[in-house]
Structures are given as structure tokens and as C-alpha cells.
Amino acid sequence: MTLLSIRNLEVQFKHYEGVTKALKKISLDIKEGEKVALVGESGSGKSVTARMILGLLSNSNIKKNGEIFFENIDLLKESSSQIKQIRGNEISMIFQDPVSSLNPYFTVKKQMLQALENHTKDYDKNTIEKYFVNLLKDVKIEDPERVLNSYAFQLSGGMAQRVMISMALINNPKLILADEPTTALDVTVQKNVLSIMKDVISQKKMSMLLISHNLGVVREFADKIYVIYQGRILEEGSTEKIFNSPGHIYTQTLLQAIPKINSSKLPSLDSENLDYLSQPKFTH
Amino acid sequence: MSNTLLKVENLTKIFKVGMSKVIAVDDVSFGIDKNDSVSIVGESGSGKTTLANLILGVETLTSGSIKFENNELDFKNKELRKKIQFVQQNPLSSLNPKKTIYQTLELPLKIHQICPKKEIRDRVIKLLQYVDLNENYLERHPYSLSGGQRQRISIARALACEPEIIIFDEPTSALDVLIQLKILNLLAEIKEKLNLTYIFITHDLAVVRNISNKTIVMNKGKIVEMNNTKKVFESPESEYTKELIRSIPTITDAEEKSKP
């Protein structure tokens, strides 16, 4: 069953110098229980895609076309109050920098309560703390009671990101968007957070859209990959296919350009300065 | 050894935070030879940036010594100071946004009186050529450059004083992979051409493997492993180094197999 389906999405930003086409007719599907990654360099449009899904980009200077179906509702045609019901409830998001996405003034518990109360007032006050503790345990936090009563500055980066993940789980969403969730973390912590995220997602049978520029992270995490470049999807396929037999020249160049840990020389590219957009999209 | 360029002995730096003390660099000793390319790796908080700051003289050391060509580094000594230059992680915040590229590059030439006033312009153009840019960039401002171009300007500025050693603090972690490769290749080329010694401070171990001949692994202010890079990656001794290498996300099965 397809959970999220983006069809021919176009986004343009109007500004004083003219128009920037951020997304040029992209299509993307996420099935139930699937972990999909959107990979690209900075400025390729990957974060815009996530923000469009959540309805976080809407003002008169932004022109959008196409459809984003979430369980047969077109998110682009919904009113903002209806989007609010979906955002944080059925679709939630994890951002890059965990320490700055937590509110420094409130404890973790207070912020978890807010995330819950935005969508339901009908909960049992006596058991709610237990529920939060369990969510924190799901992301392998060892002393959940302490963390629950902590402020953001009292948590390490990896700890704060795990709190963000458990906050995204509060309303049992069907889809979680994660925008560079491990970029701000050290490699050992990154590995830990990735495996926790992977476990939680499959355990709760949720779907995830992972946005990243790090192909190594994507390889470890995703079932399916979309490669985006300058607002266009250039390649789509299973993780295995993308890494073992990349079809588009851009994907091939990217994979070549990454330094490898088993080589003592910098990689050399077969070809440079190509017009990657001249080759059509490659679908495995 | 006679060709040791930089010698660090029993270096310690303690920060006082309120009533408590933080030992950021704890009794660290190592030597760097001429033409070395040394990587200092470790996770955030391991003390690698503090170590770089001590070598640069941005922080004052608590105890120990840093010697450059057998002379104690005295950072009031301009002659010695210009021999060690620095390239920072984020070029947008390390370049002055109000100054043109020309103004940015002429400043070190003037301060250290590298060349006669008349020759400054030619010198600046030469610096730009080292980093594959040209005189069309002279009157531009940092905001109008791409991330890769900005980092090239930072490198050109570091080259201005004709240094012996350049310290790079995460030089490519703000850049996309294709740009990263170009900058790393450029650095290798410049090193060859100008006979330089590099110190890289980074957490990207795959990059370390590709660009440096020696690797120093730090954890909690201490050196946990120090050897030639090939050895560190192929047969790491400390548990911490093994853990670090195992955690690197890789893109090929061959890499995965090469992990300890």
C-alpha cells in the first residue's frame, strides 16, 4: 500500500531577481513500512520536498503545482487547519540540529506534553508519564526519568537527538520525515542513532523519508533511494541497485567522488564537469 | 631527528570553568616532519581543536612546550608566527563579509610585509592562481561566491605569508562531495608545489585515509594512537580507534570488509 505519493510536484520561489525553480516535476512514492531516502547535494531541493509535505512552505511568493497524496488526501489542496491535524500527528519530523530544535526554556517532559496536547486533550494524566518513559526507553535512553526532567542544555547531542526521535513518535505517526538527522553527530553516536531509528521504525511499522547528503548513511538505512539534483530526480531504485549498479552518470560520479577508507589515494573521476541534466531519469 | 619541523612535548591545557577544571589537552607529545601530512582525529570534545589553537598561539598553554625548528614558539615573534597558518571550517564566517577578495588577501601581505607595496596586486593575483581562481574575483565579496570558491579564498589567504605549516580545521566538512574532492586535490597539488607541511583536524576518517601519511587519534584530551595512516587503518591498536573506524558509514562492500 502506498502511503505517500508525490506526483509531478513543482515549486517556484519568486524573489526580486526573478524566479527560482526549486523542484521541477518530481515524483516519489513511499509504501507502508518502507524506509526511503532522498539524497542530494546542497541546493538540490531535498529539504524543500520535506517542507512541502508538511505544509511548512506556504506564502504568496511560492508557486506550487502537482499533488502530494497522503492516504488519498491531497495535502496541497487541504486547508491549513486540516494540515495542522496531520502535521505532528500522522506525519512528524526530525530535524538536523537536535539541541536547537528543542526549546531551551522547557523540560523535555513539558515539550512532550505540548506535542501530545496539540492533537489530543483526551489522555490519562496518571499514566502519561509512564508512556513518555517508555518512548524514551524505545530509543535506548538508559535513565528516562532524569532525561524527562532535563533541559536541552543538559543533554549531549546524541541524547538530544534520541529525545527528538521519541518526540516524533508521541502521536504514533504513520510517516516520519528526517532531515539530516545524524549530520551534527559524531560517527560513533551516528551509528548508534541510526540503528535505534531503524529498530523503532520497523518495530512500530512506520514509514520514513530520510533526507541526507551522506551516501554512507543512506546505504546503511534505506530500502529505496531517490537521487535528486537541481530540483530533478535523476535516479530511483532499491538501495542495492543504486550502489551496485548506478545507472545515472551523476550517481556514478557521486559514488566515485567519495573518499574510501580502504584506499590511500584520493579518488579520480572518469569524467568531470558534465551536464548531468542532459541524461534522462534512470529508474531501476 | 634533524628534519623535525614541529615538536610538541608534554603539552597540557587546562580550562577553568567556575570552580572546576577541564583538562582539554592532557600531556600530549608528538613530532611533525617536514612535508608530512598529519591528521588529528577524534570526536567532538576530544581536544583536537584546542590542540590546533595551542599550536597557532590562539590559546596559551598551561604546561609543556611547542618547538618550531628547535625554537620555542613565541607568538609575539611575528617572524615565527607567520610560518604557521590556519584554514577554518566555515569559509563564510571566517571571511570578512564587508571586504572584497582583494582587501582580504592584501591584509596579511601588508601586516607581515611580505612584498613591496607596488607588488601587492601582482602578489594577490598570484595567490588566486594558486587556488585556480583569477583576477576577475578581485573586486567580489564573499557572499557572491560559492562555498567551494570561498574555501579557495581562505586557502589563498593562508598561503599569503609563505608559511611552512598550514593547519586545516575540518576544511571540507561544509562542502558537497564533488567540491570536496576538488579542494582536496587542489591542496595536494599546492603542497607539492610549495613544499608545505599540513596538519588536518577532522572527524571524517575516510578523508584522513586519503590525504595524510600520519594519523593521531585523540580521545578525552589524550593521544590514544599515533602511527602512519596505513597502519592505523589496517591494524589499529586501541579499542577506541577500532570503534571509530567501525562506525564510518561506507559505500562499498570492500570497505566494509576492510574494517577491523
# chains A, B, ... in the order shown; residues from 1 in each chain; ligands from 1
$ interface_residues --of "chain A" --to "chain B" --cutoff "6 Å" --atoms "only C-alpha atoms" --output "MDAnalysis selection string"
chainID A and resid 41 186:188 191 216:217 257 259:262 264:266
$ write_last_selection --atoms "C-alpha atoms" --output "PDB file, in the first residue's frame"
ATOM      1  CA  GLU A  41      23.856  17.943  -2.591  1.00  0.00           C
ATOM      2  CA  ASP A 186      29.956  12.088  15.886  1.00  0.00           C
ATOM      3  CA  VAL A 187      30.417   8.890  13.862  1.00  0.00           C
ATOM      4  CA  THR A 188      30.086   6.504  16.793  1.00  0.00           C
ATOM      5  CA  LYS A 191      25.909   4.725  14.104  1.00  0.00           C
ATOM      6  CA  GLY A 216      27.139   6.038   3.520  1.00  0.00           C
ATOM      7  CA  VAL A 217      24.353   6.817   5.992  1.00  0.00           C
ATOM      8  CA  ALA A 257      33.969  11.125  -5.592  1.00  0.00           C
ATOM      9  CA  PRO A 259      36.872   9.044  -0.372  1.00  0.00           C
ATOM     10  CA  LYS A 260      37.088   5.338   0.541  1.00  0.00           C
ATOM     11  CA  ILE A 261      38.572   4.055   3.774  1.00  0.00           C
ATOM     12  CA  ASN A 262      40.427   1.236   2.050  1.00  0.00           C
ATOM     13  CA  SER A 264      45.250   5.638   0.329  1.00  0.00           C
ATOM     14  CA  LYS A 265      44.758   7.878  -2.691  1.00  0.00           C
ATOM     15  CA  LEU A 266      42.082  10.422  -3.408  1.00  0.00           C
TER      16      LEU A 266
END
$ residues_around --residues "Leu194 in chain A" --least-positions-apart "5" --cutoff "12 Å" --atoms "only C-alpha atoms" --output "CSV table (one decimal) with C-alpha atoms, in the first residue's frame"
chain,number,residue,atom,x,y,z
A,139,VAL,CA,15.2,4.9,21.8
A,140,LYS,CA,17.6,3.3,24.3
A,158,GLY,CA,23.2,12.1,20.7
A,161,GLN,CA,18.6,13.6,19.0
A,162,ARG,CA,17.1,10.5,20.6
A,165,ILE,CA,13.0,10.9,17.8
A,178,ALA,CA,14.0,13.0,9.0
A,180,GLU,CA,19.8,15.1,8.0
A,181,PRO,CA,19.1,13.5,11.5
A,182,THR,CA,22.7,12.5,12.2
A,183,THR,CA,24.8,15.1,10.4
A,185,LEU,CA,26.6,13.9,15.5
A,186,ASP,CA,30.0,12.1,15.9
A,187,VAL,CA,30.4,8.9,13.9
A,188,THR,CA,30.1,6.5,16.8
A,189,VAL,CA,27.0,8.3,18.0
A,199,ASP,CA,14.7,-0.6,15.1
A,200,VAL,CA,12.0,1.7,16.3
A,201,ILE,CA,10.6,2.3,12.8
A,210,LEU,CA,15.3,10.2,5.2
A,216,GLY,CA,27.1,6.0,3.5
A,217,VAL,CA,24.4,6.8,6.0
A,218,VAL,CA,21.7,6.2,3.3
A,219,ARG,CA,23.2,2.9,2.4
A,220,GLU,CA,23.1,1.7,6.0
A,221,PHE,CA,19.5,2.9,6.5
A,222,ALA,CA,17.2,2.9,3.5
B,247,SER,CA,31.4,3.4,12.8
B,248,ILE,CA,32.2,5.0,9.5
B,249,PRO,CA,29.3,4.7,7.1
$ select_by_dssp --residues "range 4-156 of chain A" --states "strand (DSSP E)" --output "PyMOL selection string"
chain A and resi 4-15+18-31+35-39+62-70+73-74+91-94
$ residues_around --residues "range 20-33 of chain B" --least-positions-apart "3" --cutoff "6 Å" --atoms "only C-alpha atoms" --output "list of chain:residue names"
B:Asn3, B:Thr4, B:Leu5, B:Leu6, B:Lys7, B:Val8, B:Glu9, B:Asn10, B:Leu11, B:Thr12, B:Lys13, B:Ile14, B:Phe15, B:Lys16, B:Val17, B:Asp36, B:Gly47, B:Gly221, B:Lys222
$ residues_around --residues "Gln149 in chain B" --least-positions-apart "6" --cutoff "12 Å" --atoms "only C-alpha atoms" --output "PyMOL selection string"
chain B and resi 90-92+95+101+128+131-134+137+140-143+155-156+172+175+179-180+182-183+186
$ residues_around --residues "Asp74 in chain B" --least-positions-apart "4" --cutoff "12 Å" --atoms "only C-alpha atoms" --output "PyMOL selection string"
chain B and resi 54-58+60-61+65-68+70+78-84
$ atom_distance --atom1 "CA of Lys125 in chain A" --atom2 "CA of Leu169 in chain A"
18.3 Å
